[in-house]
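K.L.:
Provided herewith: entry_33.txt, compact mmCIF, C-alpha atoms.
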# COMPACT_ATOMS: atom_id res chain seq x y z
CA MET A 70 6.55 10.03 24.67
CA SER A 71 8.67 8.61 21.87
CA VAL A 72 6.54 5.45 22.03
CA THR A 73 3.39 7.50 21.50
CA LEU A 74 5.10 9.26 18.61
CA MET A 75 6.08 5.90 17.13
CA ILE A 76 2.50 4.65 17.40
CA LEU A 77 1.12 7.79 15.74
CA GLY A 78 3.66 7.46 12.93
CA MET A 79 2.76 3.81 12.43
CA CYS A 80 -0.93 4.72 12.41
CA LEU A 81 -0.41 7.37 9.75
CA ILE A 82 1.65 5.07 7.52
CA THR A 83 -0.72 2.13 7.89
CA VAL A 84 -3.86 4.15 7.20
CA VAL A 85 -2.35 5.82 4.14
CA VAL A 86 -0.94 2.57 2.69
CA LYS A 87 -4.16 0.63 3.29
CA ALA A 88 -6.53 3.32 2.01
CA LEU A 89 -4.38 4.77 -0.80
CA VAL A 90 -5.63 2.48 -3.56
CA PHE A 91 -9.30 2.83 -2.52
CA VAL A 92 -9.02 6.63 -2.26
CA LEU A 93 -7.04 7.32 -5.42
CA GLY A 94 -8.83 4.64 -7.42
CA GLU A 95 -7.87 4.36 -11.05
CA ARG A 96 -5.51 7.33 -10.73
CA LEU A 97 -3.03 5.03 -8.99
CA VAL A 98 -1.49 2.56 -11.39
CA LEU A 99 0.87 -0.06 -10.01
CA ALA A 100 3.53 -1.06 -12.51
CA PRO A 101 3.42 -4.81 -13.22
CA GLY A 102 6.96 -5.20 -11.81
CA ILE A 103 5.95 -3.57 -8.51
CA ARG A 104 2.84 -5.69 -8.34
CA GLU A 105 4.89 -8.83 -8.92
CA ALA A 106 7.39 -7.83 -6.23
CA LEU A 107 4.62 -7.03 -3.72
CA GLY A 108 3.31 -10.56 -4.12
CA PHE A 109 6.49 -11.88 -2.49
CA VAL A 110 6.43 -9.47 0.44
CA PRO A 111 4.30 -11.44 2.93
CA VAL A 112 6.26 -14.70 2.75
CA THR A 113 9.66 -12.98 2.82
CA VAL A 114 8.86 -10.61 5.70
CA LEU A 115 7.39 -13.24 7.97
CA THR A 116 10.12 -15.80 7.22
CA ALA A 117 12.89 -13.24 7.69
CA ILE A 118 11.48 -12.38 11.12
CA ILE A 119 11.18 -15.90 12.46
CA VAL A 120 14.25 -17.69 11.09
CA PRO A 121 16.74 -15.99 13.47
CA MET A 122 14.30 -16.61 16.36
CA ILE A 123 14.32 -20.32 15.49
CA LEU A 124 18.01 -20.85 14.69
CA ALA A 125 19.48 -18.61 17.38
CA PRO A 126 16.80 -18.17 20.05
CA HIS A 127 19.25 -16.69 22.52
CA GLY A 128 20.59 -14.19 20.04
CA HIS A 129 24.11 -15.60 20.12
CA GLY A 130 25.27 -18.50 17.97
CA LEU A 131 23.58 -21.12 15.85
CA GLU A 132 21.70 -23.70 17.94
CA LEU A 133 21.23 -26.60 15.55
CA SER A 134 20.51 -29.19 18.19
CA PRO A 135 17.61 -31.14 19.67
CA ARG A 136 18.22 -29.11 22.81
CA ASN A 137 16.72 -26.11 21.00
CA PRO A 138 12.95 -26.37 21.56
CA GLN A 139 12.26 -23.48 19.14
CA LEU A 140 13.92 -25.44 16.34
CA VAL A 141 12.21 -28.75 17.12
CA ALA A 142 8.75 -27.20 17.47
CA ALA A 143 9.17 -25.05 14.35
CA LEU A 144 10.09 -28.09 12.25
CA VAL A 145 7.05 -29.96 13.58
CA ALA A 146 4.81 -26.94 12.89
CA VAL A 147 6.09 -26.64 9.32
CA ALA A 148 5.41 -30.35 8.74
CA VAL A 149 1.92 -30.19 10.25
CA CYS A 150 1.05 -27.12 8.20
CA ALA A 151 2.45 -28.54 4.96
CA VAL A 152 0.38 -31.70 5.38
CA THR A 153 -2.89 -30.37 6.84
CA ARG A 154 -2.84 -26.67 5.77
CA ARG A 155 -4.80 -25.90 8.94
CA GLN A 156 -3.68 -22.75 10.73
CA LEU A 157 -5.10 -23.28 14.19
CA LEU A 158 -3.98 -26.90 14.29
CA THR A 159 -0.47 -25.82 13.27
CA ILE A 160 -0.30 -23.21 16.03
CA ALA A 161 -1.73 -25.58 18.65
CA VAL A 162 0.63 -28.46 17.77
CA GLY A 163 3.61 -26.08 17.50
CA LEU A 164 2.98 -24.60 20.94
CA THR A 165 2.31 -27.99 22.54
CA VAL A 166 5.55 -29.42 21.16
CA PHE A 167 7.43 -26.29 22.19
CA PHE A 168 6.28 -26.29 25.81
CA GLY A 169 6.42 -30.09 26.05
CA TRP A 170 9.96 -30.21 24.69
CA GLN A 171 11.08 -27.38 26.96
CA PHE A 172 9.62 -29.22 29.95
CA ALA A 173 11.16 -32.55 28.90
CA LEU A 174 14.58 -30.91 28.57
CA SER A 175 14.27 -29.39 32.01
CA ILE A 176 13.61 -32.77 33.69
CA ALA A 177 15.85 -34.90 31.47
CA PRO A 178 18.31 -36.89 33.59
CA TRP A 179 21.38 -35.66 31.70
CA HIS A 180 20.34 -32.13 32.48
CA ALA A 181 21.81 -32.53 35.97
CA LEU A 182 25.18 -33.74 34.65
CA MET B 146 -24.61 -21.49 2.38
CA SER B 147 -28.18 -20.70 3.34
CA THR B 148 -30.60 -19.54 0.70
CA GLN B 149 -30.59 -15.81 -0.03
CA SER B 150 -33.51 -13.97 1.46
CA GLN B 151 -35.39 -11.71 -0.92
CA THR B 152 -35.01 -8.65 1.31
CA SER B 153 -31.29 -7.94 1.28
CA THR B 154 -30.75 -4.81 3.36
CA ALA B 155 -27.75 -2.85 4.58
CA LEU B 156 -28.23 -4.42 8.01
CA SER B 157 -28.58 -7.98 6.73
CA ASN B 158 -25.41 -7.54 4.69
CA PHE B 159 -23.58 -6.10 7.68
CA ILE B 160 -24.64 -9.08 9.79
CA ALA B 161 -23.76 -11.57 7.07
CA GLY B 162 -20.30 -10.00 6.75
CA SER B 163 -19.72 -10.31 10.50
CA ARG B 164 -21.04 -13.87 10.57
CA ASP B 165 -18.87 -15.05 7.68
CA THR B 166 -15.84 -13.56 9.47
CA ILE B 167 -16.34 -15.64 12.63
CA PRO B 168 -13.68 -18.26 11.72
CA MET B 169 -11.22 -15.41 11.19
CA LEU B 170 -12.17 -13.91 14.56
CA VAL B 171 -11.30 -17.18 16.24
CA GLY B 172 -8.02 -17.36 14.34
CA ALA B 173 -7.04 -13.79 15.27
CA ALA B 174 -7.87 -14.21 18.98
CA PRO B 175 -4.66 -15.97 20.11
CA PHE B 176 -2.70 -13.47 18.03
CA GLY B 177 -4.35 -10.59 19.92
CA VAL B 178 -3.72 -12.18 23.32
CA ILE B 179 -0.07 -12.78 22.45
CA TYR B 180 0.33 -9.23 21.17
CA GLY B 181 -1.28 -7.82 24.33
CA SER B 182 0.82 -9.87 26.71
CA LEU B 183 4.04 -9.09 24.84
CA ALA B 184 3.12 -5.39 24.84
CA ALA B 185 2.53 -5.52 28.60
CA GLY B 186 6.01 -6.97 29.06
CA SER B 187 7.66 -4.38 26.79
CA GLN B 188 8.83 -0.88 27.62
CA MET B 189 5.53 0.62 26.48
CA SER B 190 2.71 1.21 28.95
CA ALA B 191 -0.45 -0.84 28.84
CA TRP B 192 -2.53 2.05 27.48
CA GLN B 193 -0.04 2.49 24.65
CA GLY B 194 -0.38 -1.19 23.82
CA GLN B 195 -4.13 -0.72 23.47
CA MET B 196 -3.69 2.56 21.62
CA MET B 197 -1.55 0.79 19.05
CA SER B 198 -4.30 -1.78 18.42
CA LEU B 199 -6.91 0.98 18.21
CA SER B 200 -5.00 3.24 15.84
CA VAL B 201 -2.65 1.00 13.85
CA PHE B 202 -4.88 -2.11 13.63
CA ALA B 203 -2.40 -4.23 11.70
CA GLY B 204 -1.24 -7.31 13.58
CA SER B 205 2.04 -8.06 11.86
CA SER B 206 3.20 -4.41 12.01
CA GLN B 207 2.37 -4.32 15.69
CA PHE B 208 4.38 -7.47 16.38
CA ILE B 209 7.31 -6.19 14.36
CA ALA B 210 7.25 -2.85 16.17
CA LEU B 211 7.39 -4.68 19.50
CA GLY B 212 10.24 -6.89 18.31
CA LEU B 213 12.22 -4.04 16.81
CA ALA B 214 11.67 -1.75 19.80
CA ALA B 215 12.90 -4.54 22.10
CA GLY B 216 16.02 -4.75 19.93
CA HIS B 217 16.50 -0.99 20.43
CA ALA B 218 15.84 -0.20 16.78
CA GLY B 219 15.35 3.46 15.92
CA ILE B 220 11.92 4.94 15.26
CA LEU B 221 12.69 5.51 11.56
CA LEU B 222 13.49 1.85 11.01
CA ILE B 223 10.28 0.83 12.77
CA LEU B 224 8.30 3.17 10.51
CA LEU B 225 10.08 1.82 7.44
CA ALA B 226 9.33 -1.76 8.51
CA THR B 227 5.69 -0.78 9.05
CA LEU B 228 5.57 0.60 5.53
CA ILE B 229 7.10 -2.52 3.96
CA VAL B 230 4.94 -4.96 5.91
CA ASN B 231 1.79 -3.06 4.98
CA LEU B 232 2.50 -2.82 1.27
CA ARG B 233 0.65 -6.08 0.69
CA HIS B 234 -2.60 -4.26 1.48
CA MET B 235 -2.14 -2.29 -1.73
CA LEU B 236 -2.42 -5.56 -3.64
CA TYR B 237 -5.55 -6.52 -1.72
CA ALA B 238 -7.04 -3.07 -2.30
CA ALA B 239 -6.20 -3.17 -6.01
CA SER B 240 -8.10 -6.43 -6.42
CA LEU B 241 -11.13 -5.16 -4.44
CA LEU B 242 -11.11 -1.70 -6.04
CA PRO B 243 -13.70 -2.36 -8.78
CA HIS B 244 -16.28 -3.03 -6.05
CA VAL B 245 -15.36 0.01 -3.96
CA ALA B 246 -14.44 2.73 -6.48
CA HIS B 247 -17.99 4.14 -6.72
CA LEU B 248 -18.39 4.76 -2.96
CA PRO B 249 -18.10 8.17 -1.26
CA ALA B 250 -14.64 9.08 0.08
CA ARG B 251 -15.55 8.51 3.74
CA TRP B 252 -16.50 4.91 2.89
CA ARG B 253 -13.28 4.33 0.98
CA TRP B 254 -11.13 5.68 3.85
CA SER B 255 -13.03 3.57 6.39
CA LEU B 256 -12.95 0.35 4.39
CA GLY B 257 -9.26 0.97 3.66
CA PHE B 258 -8.52 1.34 7.37
CA LEU B 259 -10.48 -1.85 8.12
CA LEU B 260 -8.70 -3.87 5.44
CA THR B 261 -6.79 -6.84 6.89
CA ASP B 262 -5.57 -10.19 5.56
CA GLU B 263 -8.65 -11.84 7.05
CA THR B 264 -11.21 -9.37 5.73
CA PHE B 265 -9.55 -9.50 2.33
CA ALA B 266 -9.97 -13.28 2.29
CA VAL B 267 -13.65 -12.94 3.25
CA MET B 268 -14.33 -10.18 0.70
CA ASN B 269 -12.49 -11.98 -2.05
CA ARG B 270 -14.77 -14.99 -1.57
CA PHE B 271 -17.86 -12.76 -1.28
CA TYR B 272 -17.27 -10.92 -4.55
CA ARG B 273 -16.50 -14.18 -6.35
CA GLN B 274 -19.82 -15.60 -5.26
CA ALA B 275 -21.42 -12.16 -5.67
CA HIS B 276 -24.62 -12.62 -3.69
CA ASP B 277 -25.69 -8.99 -3.80
CA PRO B 278 -22.69 -6.89 -4.70
CA ALA B 279 -24.74 -3.67 -4.67
CA LEU B 280 -24.72 -3.75 -0.87
CA GLY B 281 -21.31 -5.45 -0.66
CA HIS B 282 -19.81 -2.46 1.14
CA TRP B 283 -22.09 -3.14 4.12
CA TYR B 284 -20.89 -6.75 4.13
CA PHE B 285 -17.30 -5.39 3.98
CA LEU B 286 -18.04 -3.03 6.87
CA GLY B 287 -19.52 -5.88 8.93
CA SER B 288 -16.46 -8.02 8.37
CA GLY B 289 -14.05 -5.16 9.09
CA ILE B 290 -15.79 -3.89 12.22
CA SER B 291 -16.10 -7.36 13.73
CA MET B 292 -12.36 -7.92 13.12
CA TYR B 293 -11.64 -4.51 14.68
CA LEU B 294 -13.70 -5.07 17.84
CA ASN B 295 -12.35 -8.61 18.14
CA TRP B 296 -8.76 -7.31 17.94
CA GLN B 297 -9.43 -4.70 20.67
CA LEU B 298 -11.01 -7.28 22.97
CA TRP B 299 -8.19 -9.84 22.70
CA THR B 300 -5.53 -7.16 22.94
CA LEU B 301 -7.13 -6.03 26.21
CA ILE B 302 -7.30 -9.58 27.54
CA GLY B 303 -3.64 -10.08 26.59
CA LEU B 304 -2.65 -6.84 28.32
CA VAL B 305 -4.46 -7.80 31.52
CA PHE B 306 -2.89 -11.25 31.37
CA GLY B 307 0.57 -9.82 30.70
CA VAL B 308 0.30 -7.31 33.56
CA ALA B 309 -0.84 -10.08 35.93
CA PHE B 310 1.99 -12.42 34.88
CA PRO B 311 4.93 -10.15 34.04
CA HIS B 312 7.38 -13.03 33.56
CA LEU B 313 5.45 -14.57 30.72
CA GLN B 314 8.27 -13.76 28.28
CA SER B 315 10.69 -16.08 30.01
CA LEU B 316 8.28 -18.95 29.28
CA GLY B 317 9.01 -18.42 25.62
CA LEU B 318 5.60 -17.09 24.72
CA ASP B 319 7.13 -15.38 21.72
CA PHE B 320 7.24 -18.84 20.17
CA ALA B 321 3.50 -18.36 19.65
CA MET B 322 4.40 -15.68 17.15
CA VAL B 323 6.77 -18.07 15.36
CA ALA B 324 4.07 -20.76 15.17
CA THR B 325 1.52 -18.24 13.91
CA PHE B 326 3.82 -16.96 11.18
CA ILE B 327 4.62 -20.53 10.12
CA ALA B 328 0.90 -21.20 9.82
CA ILE B 329 0.52 -18.14 7.59
CA VAL B 330 3.60 -18.70 5.41
CA VAL B 331 3.72 -22.44 4.75
CA PRO B 332 0.44 -22.69 2.76
CA GLN B 333 1.78 -19.98 0.41
CA LEU B 334 4.95 -21.89 -0.47
CA GLY B 335 3.39 -24.30 -2.95
CA ARG B 336 5.02 -22.63 -5.94
CA ARG B 337 8.78 -22.75 -6.32
CA PRO B 338 9.51 -18.99 -6.64
CA TYR B 339 7.67 -18.40 -3.34
CA LEU B 340 9.53 -21.21 -1.61
CA ALA B 341 12.85 -19.87 -2.89
CA ALA B 342 11.96 -16.30 -1.88
CA ALA B 343 11.12 -17.43 1.65
CA LEU B 344 14.23 -19.59 2.00
CA GLY B 345 16.40 -16.79 0.63
CA ALA B 346 14.89 -14.20 2.97
CA GLY B 347 15.18 -16.53 5.97
CA GLY B 348 18.79 -17.46 5.20
CA LEU B 349 19.86 -13.86 4.60
CA SER B 350 18.05 -12.73 7.70
CA TYR B 351 19.97 -15.23 9.81
CA VAL B 352 23.32 -14.36 8.24
CA LEU B 353 22.73 -10.60 8.56
CA LYS B 354 21.03 -10.69 11.96
CA ASP B 355 23.79 -8.84 13.81
CA TYR B 356 23.68 -5.75 11.62
CA PRO B 357 22.68 -2.66 13.64
CA TYR B 358 19.12 -1.31 13.69
CA LYS B 359 17.87 -4.59 12.22
CA LEU B 360 18.96 -3.38 8.80
CA GLY B 361 19.78 -7.01 8.01
CA LEU B 362 16.05 -7.76 8.19
CA LEU B 363 15.30 -5.17 5.49
CA ALA B 364 18.17 -6.43 3.32
CA ALA B 365 16.88 -10.00 3.73
CA ILE B 366 13.36 -9.02 2.67
CA ILE B 367 14.62 -7.18 -0.41
CA GLY B 368 16.93 -10.11 -1.28
CA GLY B 369 14.11 -12.64 -0.90
CA VAL B 370 11.76 -10.58 -3.07
CA LEU B 371 14.41 -10.27 -5.79
CA ILE B 372 15.03 -14.03 -5.74
CA GLY B 373 11.29 -14.66 -6.09
CA VAL B 374 10.81 -12.18 -8.93
CA MET B 375 13.80 -13.51 -10.86
CA LEU B 376 12.72 -17.13 -10.54
CA GLN B 377 9.16 -16.28 -11.52
CA ARG B 378 10.37 -14.46 -14.63
CA HIS B 379 12.71 -17.29 -15.47
CA ALA B 380 9.90 -19.84 -15.09
CA ARG B 381 7.64 -17.75 -17.32
CA ARG B 382 10.33 -17.44 -19.98
CA SER B 383 11.09 -21.14 -20.07
CA TYR B 384 7.37 -21.86 -20.16
CA ARG B 385 7.01 -19.58 -23.18
CA SER B 386 10.00 -21.07 -24.98
CA SER B 387 8.70 -24.59 -24.39
CA GLU B 388 5.35 -23.44 -25.81
CA ALA B 389 7.10 -22.08 -28.88
CA ALA B 390 9.14 -25.22 -29.42
Starting from the file, give its structure as structure tokens.

P.N.:
Amino acid sequence: MSVTLMILGMCLITVVVKALVFVLGERLVLAPGIREALGFVPVTVLTAIIVPMILAPHGHGLELSPRNPQLVAALVAVAVCAVTRRQLLTIAVGLTVFFGWQFALSIAPWHAL
Amino acid sequence: MSTQSQTSTALSNFIAGSRDTIPMLVGAAPFGVIYGSLAAGSQMSAWQGQMMSLSVFAGSSQFIALGLAAGHAGILLILLATLIVNLRHMLYAASLLPHVAHLPARWRWSLGFLLTDETFAVMNRFYRQAHDPALGHWYFLGSGISMYLNWQLWTLIGLVFGVAFPHLQSLGLDFAMVATFIAIVVPQLGRRPYLAAALGAGGLSYVLKDYPYKLGLLAAIIGGVLIGVMLQRHARRSYRSSEAA
């Protein structure tokens, strides 16, 4: 029930935020400062979400090591994207490195030690 | 681009809008599958996963809701996060407004609901090239509806997949979300204030990650935005003073 309520609330907020400018038209004036701040929202939100998932994938401490496949694959994905600027290629290479690295770690000889 | 036909109709604009959105449909597909399979593995039921795609229709909010709900965040925080993540649509809408302002209210509500990052990109290009802006709203509708149906389809496939393989999460499928977000963010980091804003938000988010209700995430976003705005203003000032010199 609370999940349904959450979804309805999200729906209401999303519809209003998305349609507000179209519906109110010129009556809604965004202050230049707000407009400037909104421009930074996408990059900050998405980065803030993924950085903890990359640096501490198990939710405990920092895992700055080649044994952290999230970290290795994320660095590769950032490099691929910075060089090629191609989204699908970035996602495909990132996932391949992630699963490949995870598999390699699981069969690495020192894993048994 | 093919040559414009002389008879530009509502239908031909609708079809052209859908057709020009095809690359975006392909790009959104894995996103939809990942969302669906994560939703199937979460505490929500499969029908609620589909209902969210049908009624919310905003990929990043849907992912964040899943992530926050899994972290036992409260409903208010999830709604607040939804609000923040969706604010960027106001910027998109403001830049498309001159082409939409004259339409009846039911059109403006519908096009607003159908507005996404992808459709904004398509419409932005369309109005710049301005083939036949008089019927541009049909082109907009075609782009929006094809994105909508596409999202429902891939959500459903993801849900079916996730129900069939309930242990998908342990494979680390959520890394697909990380890779997708990297692909969205990195191309926007060309200018220094944006790079600094992202690094600031990411660093703060890591440092504050153990705060309850994911409040650290909100603080990190606000901190990152402030860093970006300050650097941008600073850059503008020093540009002006070097002009004056």

K.L.:
Near segment 208-223 of chain B, within 7 Å and counting only C-alpha atoms, which residues show up once chain neighbours fewer than 2 positions away are dropped, as a list in words?

P.N.:
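Near segment 208-223 of chain B, the qualifying residues are Met75 of chain A; Tyr180, Ala184, Gly204, Ser205, Ser206, Leu225, Ala226, Thr227, Tyr358 and Lys359 of chain B.
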
K.L.:
Give me the residues near segment 239-247 of chain B as JSON, numbers by chain, where near means some atom within 8 Å (using all atoms listed in the file) and where sequence neighbours in that chain fewer than 6 positions away do not count.

P.N.:
{"A": [90, 91, 92, 94], "B": [253, 268, 269, 278, 281, 282]}

K.L.:
Give me the residues within 10 Å of Val86 of chain A as an mmCIF file with C-alpha atoms, in the coordinates of the input, counting all atoms listed in the file and dropping any in the same chain fewer than 2 places off.

P.N.:
data_model
loop_
_atom_site.group_PDB
_atom_site.id
_atom_site.type_symbol
_atom_site.label_atom_id
_atom_site.label_comp_id
_atom_site.auth_asym_id
_atom_site.auth_seq_id
_atom_site.Cartn_x
_atom_site.Cartn_y
_atom_site.Cartn_z
ATOM 1 C CA CYS A 80 -0.930 4.720 12.410
ATOM 2 C CA LEU A 81 -0.410 7.370 9.750
ATOM 3 C CA ILE A 82 1.650 5.070 7.520
ATOM 4 C CA THR A 83 -0.720 2.130 7.890
ATOM 5 C CA VAL A 84 -3.860 4.150 7.200
ATOM 6 C CA ALA A 88 -6.530 3.320 2.010
ATOM 7 C CA LEU A 89 -4.380 4.770 -0.800
ATOM 8 C CA VAL A 90 -5.630 2.480 -3.560
ATOM 9 C CA PHE A 91 -9.300 2.830 -2.520
ATOM 10 C CA THR B 227 5.690 -0.780 9.050
ATOM 11 C CA LEU B 228 5.570 0.600 5.530
ATOM 12 C CA ILE B 229 7.100 -2.520 3.960
ATOM 13 C CA ASN B 231 1.790 -3.060 4.980
ATOM 14 C CA LEU B 232 2.500 -2.820 1.270
ATOM 15 C CA ARG B 233 0.650 -6.080 0.690
ATOM 16 C CA HIS B 234 -2.600 -4.260 1.480
ATOM 17 C CA MET B 235 -2.140 -2.290 -1.730
ATOM 18 C CA ALA B 238 -7.040 -3.070 -2.300
ATOM 19 C CA GLY B 257 -9.260 0.970 3.660
ATOM 20 C CA PHE B 258 -8.520 1.340 7.370
#

K.L.:
Mind giving me the straight-line distance from atom CA of Gly186 of chain B to atom CA of Thr73 of chain A in Å, one decimal?

P.N.:
16.5 Å

K.L.:
Set the distance at 8 Å and use all atoms listed in the file: which residues neighbour Ser350 of chain B once local chain neighbours fewer than 2 positions away are removed? I'd like the list as an MDAnalysis selection string.

P.N.:
(chainID A and resid 117:118 120:121) or (chainID B and resid 346:348 352:354 361:362 364:366)

K.L.:
Distance cut-off 8 Å, centre (5.2, -9.8, 2.7) in file coordinates, counting all atoms listed in the file: which residues qualify? Return them as a list in words.

P.N.:
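Looking at atoms near the point gives Leu107, Gly108, Phe109, Val110, Pro111, Val112, Thr113, Val114 and Leu115 of chain A; Ile229, Val230, Asn231, Leu232 and Arg233 of chain B.
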
K.L.:
One decimal, in Å: what's the spacing between atom CA of Val145 of chain A and atom CA of Ala161 of chain A?

P.N.:
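Interatomic distance here is 11.0 Å.
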
K.L.:
Missing atoms in segment 144-162 of chain A: fill them in up to N, CA and C atoms and send the result as a tab-separated table (two decimals), keeping the file's coordinate frame.

P.N.:
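Listed below is the output, selection.tsv:
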chain	number	residue	atom	x	y	z
A	144	LEU	N	10.07	-27.06	13.29
A	144	LEU	CA	10.09	-28.09	12.25
A	144	LEU	C	8.79	-28.90	12.27
A	145	VAL	N	8.32	-29.23	13.47
A	145	VAL	CA	7.05	-29.96	13.58
A	145	VAL	C	5.91	-29.11	13.01
A	146	ALA	N	5.89	-27.82	13.36
A	146	ALA	CA	4.81	-26.94	12.89
A	146	ALA	C	4.82	-26.84	11.37
A	147	VAL	N	6.00	-26.72	10.78
A	147	VAL	CA	6.09	-26.64	9.32
A	147	VAL	C	5.53	-27.92	8.70
A	148	ALA	N	5.90	-29.07	9.27
A	148	ALA	CA	5.41	-30.35	8.74
A	148	ALA	C	3.89	-30.46	8.85
A	149	VAL	N	3.37	-30.11	10.04
A	149	VAL	CA	1.92	-30.19	10.25
A	149	VAL	C	1.19	-29.29	9.26
A	150	CYS	N	1.71	-28.08	9.07
A	150	CYS	CA	1.05	-27.12	8.20
A	150	CYS	C	1.14	-27.56	6.74
A	151	ALA	N	2.29	-28.10	6.34
A	151	ALA	CA	2.45	-28.54	4.96
A	151	ALA	C	1.49	-29.68	4.64
A	152	VAL	N	1.25	-30.54	5.62
A	152	VAL	CA	0.38	-31.70	5.38
A	152	VAL	C	-1.10	-31.33	5.50
A	153	THR	N	-1.46	-30.61	6.58
A	153	THR	CA	-2.89	-30.37	6.84
A	153	THR	C	-3.37	-29.02	6.31
A	154	ARG	N	-2.49	-28.03	6.17
A	154	ARG	CA	-2.84	-26.67	5.77
A	154	ARG	C	-3.84	-26.04	6.72
A	155	ARG	N	-3.87	-26.50	7.98
A	155	ARG	CA	-4.80	-25.90	8.94
A	155	ARG	C	-4.05	-25.04	9.94
A	156	GLN	N	-4.43	-23.74	9.95
A	156	GLN	CA	-3.68	-22.75	10.73
A	156	GLN	C	-3.74	-23.01	12.23
A	157	LEU	N	-4.97	-23.15	12.74
A	157	LEU	CA	-5.10	-23.28	14.19
A	157	LEU	C	-4.45	-24.56	14.69
A	158	LEU	N	-4.61	-25.63	13.92
A	158	LEU	CA	-3.98	-26.90	14.29
A	158	LEU	C	-2.46	-26.74	14.34
A	159	THR	N	-1.92	-26.05	13.33
A	159	THR	CA	-0.47	-25.82	13.27
A	159	THR	C	0.01	-25.08	14.52
A	160	ILE	N	-0.71	-24.01	14.88
A	160	ILE	CA	-0.30	-23.21	16.03
A	160	ILE	C	-0.41	-24.04	17.31
A	161	ALA	N	-1.52	-24.80	17.43
A	161	ALA	CA	-1.73	-25.58	18.65
A	161	ALA	C	-0.65	-26.66	18.79
A	162	VAL	N	-0.39	-27.40	17.71
A	162	VAL	CA	0.63	-28.46	17.77
A	162	VAL	C	2.00	-27.84	18.02
